[in-house]
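> What follows is a single structure, and I will ask about it in a moment.
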Amino acid sequence: MKQVVSVIGLSIFLTLTFVAQSFSQELIVYSARKEHLIQPLFEAYTKETGTKIKYITGKAPALLQRIKSEGSNTSADMLITVDAGNLWHAANEGVLQAVQSNILNQNIPAHLKDPGNKWFGLSVRARTIVYNTNKVKPEDLSSYEDLADKKWAGRLLLRTSKKVYNQSLVAMLISEHGQAQTERIVKGWVDNLVTAPFSNDTKVMEAIVAGQGDLGVVNTYYFGRLLKKNPELPLALYWPNQNQGGVHVNVSGAGITSHAKNKKEAIAFLEWLSSEKAQNLFADTNLEYPANPNVSPHKIVSAWGEFKQNPINLANAGKNQAPAIRLMDRVGYK
Amino acid sequence: MRFSIKSIISYFDFWRIFVFAVVICICSPIVTLLFSFFQPEPEIWKHIYETQLFELITNTALLAGGVLSLTFILGVSLAWLTSVCDYPGRKLFSWLLLLPLAVPTYVLAFVFLGLFDFSGPVQTFLRSLTPDGRLFFPDIRSAPGVILVMSLAFYPYLFRKLRYNTESFNVTFCVIKDHNDTYQNV
């Protein structure tokens, strides 16, 4: 008798949980963007819509490989990752599907999304020139190309070419100038280097502060983080290429997986991420620029001044990534 | 020799199969990697050959030679100094010198970089002592720097081996004349 009761009880319990499961909406996200940057967004979205979000985080190539090998069995509905090159690879490997959405088309500028609508940039980071205010006059600065000039010999510091941000920067230069000229430019950078490239942007800036070199190229949010800790540092940002091209920008962004089980919910979430109320939450936690041009950036970020972005579509950062890596190998940019 | 069913079954007994299964599991990642040799990408190999291959091989040889030599020098001399000679603190040193075993090489590398790079505390302090803020200091992010760090991480293995051997053999290595002009076996 006891057994019968417990079996009936268990089956009622299981049925109820199954029913509850099938009614509550759920979304599964694979994210290469750090947990502490995306978790607040997930919480806010669940609070607003009731859609639960499960997520795993990891390195971009590993997550891409995972979605690929999971194939049609993948539980991922959405892939969030940083760098246009990574997003391009995901689209190119066929793990993302095209999304037709007027809201996304309205909110995200054309150069910050895939021409085939398979991924959308959600926050913008500029990779720009940083200089020691005691040693460099901003009038002497002009462009990325100018950093190859002899006047910067023994003064330039760079991060390693192994980092995808530098690969994207060089890839975008290739789409602007072609390979031959870009190779001359990057060769000029290497000739101007004070010391071997650093492992990260923060080390580049610390070396500029210590006086090892006078200027370098970094992502804006690393500059923001460093200045937040110590506002007295003699560092400033310079917006290059304002008369020709524009500042090299990159994105963190997202796409819907080809085999998404909850496609409708995933698109709704992506649209929400591009909306004005989510954009500040997305960009401000990491001192980035919102991708949606109607949203103004964080106070600290807007204090760095306005600038013209390079309008060339970021898909080129992926398309030209392989030639960029080879080019940097050839000129000895390590 | 004749194969009977019995001998085949006894050949494939449980433990043998179990061991094979474990070995296959352990080796599979390495074997997968080795298989990539059968699918060479000529374009990439050509690029690596033209740009980096010789530099990488030279660096590897330099590193291997350098680390081997410095590890040998450190390991042997420190083992000698802590087992053959006697002085206050000898016992203490003989186990303190083993401590680097507890530090992974890459952690040691980060610590060295943090301390001795241009913007690190050591060079910053030394620069503050010079009148014009200029200072000659060898670059830690260099081949000699890597050799130094790796040797400091690896010498304890040699040191431990040598120390253990000299203690267990209990032989007279050298004779030290002490201040009373008496000879003392160590």
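As shown in the structure tokens, the chain order sets the letters A, B, ...; within each chain, residues go from 1, and ligands are also counted from 1 in the order they appear.
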Counting only C-alpha atoms, give me one row per residue of chain A with an atom at most 8 Å from an atom of chain B, showing the shortest contact pair and its distance in Å to one decimal, sorted by chain then residue number, as a tab-separated table.

residue	atom	partner	partner_atom	distance
A:Ala196	CA	B:Arg141	CA	7.7
A:Glu206	CA	B:Ser119	CA	6.3
A:Ala207	CA	B:Ser119	CA	5.4
A:Val209	CA	B:Ser119	CA	7.9
A:Ala210	CA	B:Ser119	CA	5.2
A:Gln212	CA	B:Phe118	CA	6.7
A:Arg326	CA	B:His47	CA	7.3
A:Asp329	CA	B:Thr51	CA	6.2
A:Arg330	CA	B:Thr51	CA	5.7
A:Gly332	CA	B:Thr51	CA	8.0
> Near Phe72 in chain B, within 10 Å and counting only C-alpha atoms, which residues show up once chain neighbours fewer than 4 positions away are dropped, as a PyMOL selection string?
chain B and resi 66-68+76-78+151+154-155+158-159
> Which residues of range 140-216 of chain A sit at most 12 Å from range 249-261 of chain A, using only C-alpha atoms? Give each one's shortest atom pair and distance in Å (one decimal place), in chain and ascending residue order, as CSV.

residue,atom,partner,partner_atom,distance
A:Val164,CA,A:Asn250,CA,10.5
A:Tyr165,CA,A:Asn250,CA,7.8
A:Asn166,CA,A:Asn250,CA,10.5
A:Gln167,CA,A:Asn250,CA,11.2
A:Ser168,CA,A:Asn250,CA,7.9
A:Leu169,CA,A:Val249,CA,8.3
A:Val170,CA,A:Val249,CA,11.9
A:Ala171,CA,A:Asn250,CA,11.6
A:Met172,CA,A:Val249,CA,9.6
A:Leu173,CA,A:Val249,CA,11.8
> Closest to Phe307 in chain A among A:Tyr221, A:Phe269, A:Trp239, A:Phe282, using only C-alpha atoms?
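Ranked by minimum distance to Phe307 in chain A, first place goes to A:Trp239.
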> May I ask for the distance between CA of Arg159 in chain A and CA of Val103 in chain B, given in Å to one decimal place?
27.2 Å
> Env of Gln244 in chain A: 10 Å cut, atoms = only C-alpha atoms, seq-sep filter 6 positions within chain, self excluded. Answer as an NGL selection string.
:A and (142-143 or 308 or 310)
> Which one of A:Arg125, A:His89, A:Arg33, A:Arg184 sits closest to Lys319 in chain A if you count only C-alpha atoms?
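Using only C-alpha atoms, the shortest distance to Lys319 in chain A belongs to A:His89.
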> Using Å and a single decimal, report how far CA of Gln39 in chain A sits from CA of Gln279 in chain A.
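These two atoms are separated by 14.0 Å.
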> Taking the chain letters and numbering used in this document, name the residues of range 83-171 of chain A that DSSP puts in strand (DSSP E or B), as a list in words.
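So the strand (DSSP E or B) residues in range 83-171 of chain A would be Leu96, Gln97, Lys113, Phe120, Gly121, Leu122, Ser123, Val124, Arg125, Ala126, Arg127, Thr128, Ile129, Val130, Tyr131, Asn132, Leu156, Leu157 and Arg159 of chain A.
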